[in-house]
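run_6.cif follows; it contains mmCIF, C-alpha atoms.
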data_upload
#
loop_
_atom_site.label_atom_id
_atom_site.label_comp_id
_atom_site.auth_asym_id
_atom_site.auth_seq_id
_atom_site.Cartn_x
_atom_site.Cartn_y
_atom_site.Cartn_z
CA MET A 1 9.89 1.07 -15.90
CA VAL A 2 13.09 1.63 -14.01
CA GLU A 3 16.43 0.99 -15.63
CA GLN A 4 18.12 -2.37 -15.28
CA VAL A 5 20.27 -2.84 -12.20
CA THR A 6 22.30 -5.90 -11.59
CA HIS A 7 22.84 -8.14 -8.62
CA PRO A 8 25.33 -10.99 -8.35
CA ALA A 9 23.73 -14.18 -9.60
CA GLY A 10 22.52 -16.46 -6.86
CA SER A 11 23.17 -14.01 -4.04
CA PRO A 12 20.46 -13.25 -1.49
CA VAL A 13 18.10 -10.36 -2.19
CA VAL A 14 16.37 -8.52 0.64
CA ILE A 15 12.93 -7.12 -0.05
CA GLU A 16 11.72 -4.68 2.57
CA VAL A 17 7.99 -4.08 2.78
CA TRP A 18 6.68 -1.14 4.76
CA SER A 19 3.26 -2.30 5.77
CA ASP A 20 0.43 -1.90 8.25
CA LEU A 21 -2.15 -4.40 9.34
CA GLY A 22 -5.02 -2.02 8.70
CA CYS A 23 -3.94 -1.54 5.08
CA PRO A 24 -5.93 -3.82 2.74
CA TRP A 25 -3.59 -3.13 -0.16
CA CYS A 26 -0.69 -4.37 1.96
CA TYR A 27 -2.49 -7.70 2.21
CA VAL A 28 -3.24 -7.90 -1.51
CA GLY A 29 0.23 -6.65 -2.44
CA LYS A 30 1.96 -9.16 -0.20
CA HIS A 31 0.24 -12.08 -1.91
CA ARG A 32 1.07 -10.68 -5.33
CA LEU A 33 4.71 -10.25 -4.36
CA GLN A 34 4.81 -13.80 -2.99
CA THR A 35 3.28 -15.08 -6.23
CA ALA A 36 5.91 -13.29 -8.28
CA ILE A 37 8.69 -14.72 -6.12
CA ALA A 38 7.21 -18.22 -6.29
CA GLN A 39 7.24 -18.07 -10.08
CA ARG A 40 11.04 -18.00 -10.00
CA PRO A 41 13.00 -21.23 -9.53
CA ASP A 42 15.45 -19.27 -7.38
CA ALA A 43 12.66 -18.16 -5.03
CA ASP A 44 14.67 -19.04 -1.96
CA ARG A 45 17.08 -16.20 -2.74
CA PHE A 46 14.50 -13.64 -1.71
CA LYS A 47 13.98 -12.65 1.89
CA ILE A 48 11.05 -10.42 2.76
CA VAL A 49 11.55 -8.16 5.76
CA VAL A 50 8.54 -6.41 7.26
CA ARG A 51 9.07 -2.77 8.14
CA SER A 52 6.57 -1.02 10.34
CA PHE A 53 4.40 1.69 8.89
CA GLU A 54 1.65 2.68 11.27
CA LEU A 55 -0.90 4.37 9.02
CA ASN A 56 -2.90 5.95 11.80
CA PRO A 57 -0.79 6.77 14.87
CA ALA A 58 -3.87 8.43 16.38
CA ALA A 59 -6.01 5.30 16.20
CA PRO A 60 -7.68 4.35 19.48
CA LYS A 61 -6.50 1.35 21.48
CA GLU A 62 -10.03 0.01 21.80
CA PRO A 63 -11.13 -1.92 18.71
CA GLU A 64 -14.11 -0.71 16.72
CA THR A 65 -15.66 -1.81 13.45
CA ILE A 66 -13.81 -0.72 10.31
CA GLU A 67 -16.98 1.04 9.25
CA LYS A 68 -17.01 3.21 12.36
CA ALA A 69 -13.25 3.79 12.22
CA LEU A 70 -13.22 4.82 8.55
CA VAL A 71 -16.10 7.25 8.93
CA ARG A 72 -14.52 8.81 12.00
CA ALA A 73 -11.07 9.07 10.41
CA HIS A 74 -11.95 10.08 6.88
CA GLY A 75 -15.51 11.37 6.96
CA GLY A 76 -18.25 10.41 4.52
CA THR A 77 -21.06 8.00 5.11
CA ALA A 78 -20.90 4.42 6.30
CA ALA A 79 -22.34 3.30 2.98
CA HIS A 80 -19.65 5.20 1.09
CA VAL A 81 -16.68 3.83 3.02
CA MET A 82 -18.01 0.30 2.91
CA GLN A 83 -18.54 0.54 -0.84
CA ALA A 84 -14.82 1.21 -1.15
CA GLU A 85 -14.07 -1.77 1.06
CA ARG A 86 -16.26 -3.94 -1.15
CA GLN A 87 -14.25 -2.86 -4.19
CA ILE A 88 -11.05 -4.13 -2.61
CA GLN A 89 -12.83 -7.23 -1.35
CA ALA A 90 -14.00 -8.08 -4.86
CA LEU A 91 -10.49 -7.78 -6.27
CA ALA A 92 -9.00 -9.78 -3.43
CA ARG A 93 -11.52 -12.58 -3.80
CA LYS A 94 -10.95 -12.63 -7.54
CA GLU A 95 -7.32 -13.38 -6.72
CA GLY A 96 -8.34 -16.20 -4.40
CA LEU A 97 -7.87 -14.32 -1.14
CA GLU A 98 -10.22 -14.39 1.79
CA PHE A 99 -11.35 -10.88 2.65
CA THR A 100 -13.99 -10.22 5.26
CA LEU A 101 -15.57 -6.81 5.80
CA ASP A 102 -16.32 -7.83 9.37
CA ARG A 103 -12.96 -6.61 10.67
CA LEU A 104 -12.02 -4.57 13.69
CA SER A 105 -9.86 -1.48 13.64
CA ALA A 106 -7.63 -0.13 16.40
CA SER A 107 -4.08 1.05 16.98
CA THR A 108 -1.57 -1.30 15.39
CA PHE A 109 1.36 0.11 17.32
CA ASP A 110 1.61 -2.80 19.75
CA LEU A 111 1.47 -5.32 16.92
CA HIS A 112 4.32 -3.51 15.22
CA ARG A 113 6.37 -3.74 18.41
CA VAL A 114 5.96 -7.50 18.30
CA VAL A 115 6.88 -7.48 14.60
CA GLN A 116 10.14 -5.80 15.54
CA TYR A 117 10.87 -8.55 18.04
CA ALA A 118 9.96 -11.15 15.43
CA ASN A 119 12.32 -9.47 12.98
CA ASP A 120 15.11 -9.76 15.52
CA GLU A 121 14.40 -13.47 15.68
CA GLY A 122 14.33 -13.79 11.89
CA ARG A 123 10.60 -14.52 11.85
CA GLY A 124 9.13 -11.09 11.19
CA PHE A 125 7.58 -11.81 7.84
CA GLU A 126 6.23 -15.19 8.87
CA PHE A 127 4.67 -13.71 11.99
CA PHE A 128 3.17 -10.63 10.36
CA SER A 129 1.97 -12.56 7.35
CA ARG A 130 0.13 -15.05 9.50
CA VAL A 131 -1.49 -12.27 11.54
CA GLN A 132 -2.44 -10.46 8.36
CA ASP A 133 -3.97 -13.55 6.72
CA GLY A 134 -5.96 -14.40 9.84
CA PHE A 135 -7.13 -10.82 10.24
CA PHE A 136 -8.43 -10.50 6.68
CA ALA A 137 -9.95 -13.96 6.78
CA GLY A 138 -11.83 -12.97 9.92
CA THR A 139 -10.34 -15.76 11.98
CA LEU A 140 -7.97 -13.74 14.18
CA ASN A 141 -8.38 -10.83 16.57
CA PRO A 142 -4.99 -9.12 16.33
CA TYR A 143 -5.77 -6.89 19.29
CA ASP A 144 -5.90 -9.85 21.66
CA PRO A 145 -2.48 -10.42 23.27
CA ASP A 146 -3.15 -14.13 23.68
CA ALA A 147 -4.02 -14.45 20.01
CA LEU A 148 -0.78 -12.71 19.03
CA ALA A 149 1.17 -14.94 21.40
CA ASP A 150 -0.43 -18.00 19.81
CA VAL A 151 0.52 -16.84 16.32
CA ALA A 152 4.03 -16.11 17.53
CA GLU A 153 4.36 -19.62 18.91
CA SER A 154 3.05 -21.06 15.65
CA VAL A 155 6.04 -19.56 13.83
CA GLY A 156 8.55 -20.63 16.43
CA LEU A 157 8.64 -17.53 18.61
CA ASP A 158 8.34 -17.30 22.39
CA GLY A 159 4.74 -16.55 23.34
CA GLN A 160 5.67 -15.49 26.83
CA ARG A 161 8.16 -13.02 25.40
CA VAL A 162 5.41 -11.60 23.21
CA ARG A 163 3.15 -11.12 26.22
CA ALA A 164 5.97 -9.37 28.04
CA ILE A 165 6.59 -7.06 25.09
CA LEU A 166 2.91 -6.21 24.85
CA ALA A 167 2.86 -5.39 28.55
CA SER A 168 5.80 -3.02 28.14
CA SER A 169 6.84 -0.30 25.70
CA GLU A 170 9.71 -2.25 24.17
CA TYR A 171 10.51 -1.60 20.53
CA ALA A 172 8.41 1.59 20.45
CA ASP A 173 11.29 3.68 19.14
CA ARG A 174 12.02 1.22 16.38
CA VAL A 175 8.42 1.23 15.21
CA ARG A 176 8.51 5.01 14.92
CA ALA A 177 11.94 4.92 13.28
CA ASP A 178 10.70 2.50 10.63
CA ARG A 179 7.87 4.84 9.71
CA SER A 180 10.23 7.81 9.51
CA GLU A 181 12.65 5.91 7.31
CA GLY A 182 9.88 4.85 4.96
CA LEU A 183 8.87 8.46 4.52
CA GLU A 184 12.48 9.55 4.03
CA LEU A 185 12.91 6.94 1.33
CA GLY A 186 9.94 8.42 -0.49
CA ALA A 187 7.00 6.24 0.41
CA THR A 188 4.09 7.91 -1.32
CA GLY A 189 1.89 4.87 -0.88
CA VAL A 190 1.66 1.88 1.42
CA PRO A 191 2.57 -0.91 0.97
CA PHE A 192 6.00 0.43 0.10
CA VAL A 193 8.22 -2.27 -1.36
CA VAL A 194 11.96 -1.68 -1.60
CA LEU A 195 14.07 -4.28 -3.36
CA ASP A 196 17.73 -4.48 -2.45
CA ARG A 197 17.66 -0.79 -1.56
CA ARG A 198 17.77 -0.07 -5.27
CA VAL A 199 14.24 -0.17 -6.58
CA ALA A 200 11.04 0.99 -4.90
CA ALA A 201 7.38 0.38 -5.60
CA PRO A 202 4.75 2.35 -3.67
CA GLY A 203 1.32 0.74 -3.48
CA ALA A 204 0.18 -2.74 -4.45
CA GLN A 205 1.57 -3.59 -7.87
CA LYS A 206 0.38 -6.39 -10.11
CA VAL A 207 2.21 -9.73 -10.18
CA PRO A 208 3.95 -9.10 -13.55
CA VAL A 209 5.27 -5.76 -12.30
CA TYR A 210 6.71 -7.37 -9.20
CA GLY A 211 8.16 -10.04 -11.48
CA GLN A 212 9.92 -7.40 -13.54
CA LEU A 213 11.29 -5.75 -10.44
CA LEU A 214 12.64 -9.05 -9.18
CA GLU A 215 14.33 -9.55 -12.50
CA GLN A 216 15.86 -6.09 -12.35
CA VAL A 217 17.44 -6.60 -8.96
CA ALA A 218 18.19 -10.32 -9.16
CA GLY A 219 18.68 -10.89 -12.84
CA PRO A 220 16.58 -12.99 -15.19
CA VAL A 221 15.28 -16.38 -14.21
CA PRO A 222 18.22 -18.82 -14.43
CA SER A 223 18.11 -20.29 -17.93
CA GLY A 224 18.60 -23.83 -16.73
CA HIS A 225 15.35 -23.58 -14.80
CA VAL A 226 13.07 -22.20 -17.47
CA SER A 227 10.35 -24.71 -18.18
CA MET B 1 5.41 14.98 0.38
CA SER B 2 9.03 16.12 0.52
CA GLU B 3 11.65 14.98 -1.98
CA PRO B 4 12.97 11.48 -1.27
CA LYS B 5 16.45 11.55 0.23
CA SER B 6 17.41 8.21 -1.27
CA ARG B 7 18.76 7.19 -4.63
CA LEU B 8 16.05 4.60 -5.12
CA GLN B 9 14.64 4.05 -8.56
CA PHE B 10 10.86 4.19 -8.43
CA VAL B 11 8.66 1.94 -10.52
CA ALA B 12 6.67 3.81 -13.12
CA ALA B 13 3.75 1.39 -13.32
CA PRO B 14 0.59 2.57 -11.58
CA ALA B 15 -0.31 0.67 -8.44
CA SER B 16 -3.62 -1.19 -8.24
CA GLY B 17 -4.24 0.50 -4.95
CA TRP B 18 -2.48 2.17 -2.09
CA CYS B 19 -3.03 3.80 1.26
CA GLU B 20 -1.76 7.33 1.79
CA PRO B 21 1.06 7.46 4.33
CA ASP B 22 -0.08 10.77 5.77
CA THR B 23 -3.81 10.18 6.08
CA GLY B 24 -4.32 6.43 5.82
CA VAL B 25 -6.95 6.97 3.16
CA CYS B 26 -6.90 4.09 0.68
CA HIS B 27 -7.38 4.40 -3.07
CA ILE B 28 -7.99 2.08 -5.98
CA ASP B 29 -6.63 2.63 -9.48
CA THR B 30 -9.22 3.45 -12.11
CA ALA B 31 -8.52 0.33 -14.17
CA ASP B 32 -8.72 -1.88 -11.14
CA LYS B 33 -11.94 -0.18 -10.12
CA ALA B 34 -13.50 -1.40 -13.34
CA ALA B 35 -12.21 -4.90 -12.72
CA SER B 36 -13.60 -4.71 -9.23
CA ALA B 37 -17.01 -3.67 -10.52
CA GLU B 38 -17.07 -6.70 -12.80
CA ALA B 39 -16.13 -8.95 -9.91
CA ILE B 40 -18.84 -7.44 -7.76
CA ASP B 41 -21.39 -7.98 -10.50
CA GLU B 42 -20.40 -11.62 -10.58
CA THR B 43 -20.73 -11.80 -6.81
CA ASP B 44 -24.08 -10.02 -6.90
CA ASP B 45 -25.44 -12.79 -9.05
CA VAL B 46 -24.91 -15.05 -6.07
CA SER B 47 -25.35 -12.85 -3.03
CA GLY B 48 -27.57 -10.06 -4.23
CA ARG B 49 -25.18 -7.56 -2.69
CA PRO B 50 -25.38 -4.07 -4.20
CA GLY B 51 -22.66 -2.76 -6.49
CA THR B 52 -20.15 -0.11 -5.47
CA THR B 53 -18.98 3.29 -6.51
CA GLU B 54 -15.97 5.44 -6.00
CA ARG B 55 -14.62 5.79 -2.49
#

Would you mind writing the structure in this file as structure tokens?
Amino acid sequence: MVEQVTHPAGSPVVIEVWSDLGCPWCYVGKHRLQTAIAQRPDADRFKIVVRSFELNPAAPKEPETIEKALVRAHGGTAAHVMQAERQIQALARKEGLEFTLDRLSASTFDLHRVVQYANDEGRGFEFFSRVQDGFFAGTLNPYDPDALADVAESVGLDGQRVRAILASSEYADRVRADRSEGLELGATGVPFVVLDRRVAAPGAQKVPVYGQLLEQVAGPVPSGHVS
Amino acid sequence: MSEPKSRLQFVAAPASGWCEPDTGVCHIDTADKAASAEAIDETDDVSGRPGTTER
């Protein structure tokens, strides 16, 4: 475990999460991180900021089944790649998460451009999280501009603005810059969670590990709140 | 992967799973794979879905 670092008691703590929609571990890891934060009485100190990490910049624009996409991108048989998906599905469901295998895969670049806009409006995590949850539950097509606009409006963003962004190339440079920065910081696995720019955790960690990291950057749970 | 340019402290605990930044290939930790197999077995009792093996 990393050495103890301190952070002024009660002050805000920014947690940056480099993530991609197509990354199942980003979905699982996000819920674990949220659980760890929720276990602290000072949960409102923590602000999660989504950073874009497009895992497959060469992905086609046209959606295809994850089965077809995984075989094309990584080789192997359909049965093999779907077995791996079922492993993650089983773990996710065990943790109470919906996780359909009936998902579509395509370029996530445009979604990330909207995430950047949402970040500017202070709603990046809420927007991305809602898209992610709907995608893995099988209730949202994230490649449909109208669907993204609807999600945006549900978190207080301007749906028309989202449609305009999707019809343009706005925020493209920032999406690429986020990916580059994640790599420069040493992201060896996605999700890549960076707490207060002091501590980093590549991959989806377990809830207790995230809890320890929160304690290291934000201090122990305030004693007056321990139940 | 090149050396990180930051002064970040990296967690030592193994991740349950991760996707490789360069290839997008996703992996599951060995211990979690076993837990997954158990969960699948439990699911199979209900759905009859076949078990899984390494990706």

Practice task
Output the residue selection produced by the PyMOL selection byres ((chain A) within 7 of (chain B)) on the file above, formatted as a ChimeraX atom specification.
Solution key: /A:1-2,23,25,55-56,74,80-81,83-84,86-87,90-91,94,184-186,188-191,197-201,203-206

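Of the listed residues A:Asp20, A:Glu95, A:Asp196, A:Glu181, the one whose atoms come nearest to Arg113 in chain A is A:Asp20, with distances taken using only C-alpha atoms.
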
Practice task
Carefully work through the PyMOL selection byres ((chain A and resi 142-152) around 12) for this structure and note down the residues it includes, as a count of residues only.
Solution key: 59

Completion exercise
Students should find that CA of Pro220 in chain A and CA of Val193 in chain A are spaced 19.4 Å

Handout entry: Asp44 in chain A surroundings by all atoms listed in the file, 10 Å radius, close-in-sequence under 3 positions cut, as a list of chain:residue names
Key = A:Gly10, A:Pro12, A:Val13, A:Ile37, A:Ala38, A:Arg40, A:Pro41, A:Lys47

Completion exercise
CA of Val14 in chain A sits from CA of Val49 in chain A at a separation of 7.0 Å

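The shortest atom-to-atom distance to Phe53 in chain A, with only C-alpha atoms taken into account, belongs to A:Val17 out of A:Ala78, A:Leu101, A:Val217, A:Val17.
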
Exercise for the section: Enter the distance from CA of Ser52 in chain A to CA of Leu195 in chain A, in Å, rounded to one decimal. Expected result: 16.0 Å

Practice task
Return as a PyMOL selection string the set of residues that the PyMOL selection byres ((chain A and resi 34) around 10) yields on the displayed structure.
Solution key: chain A and resi 29-33+35-39+43+46+48+207+210-211

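When all atoms listed in the file are used to compute distances to Arg176 in chain A, the closest of the residues A:Arg51, A:Gly219, A:Leu70, A:Gly96 turns out to be A:Arg51.
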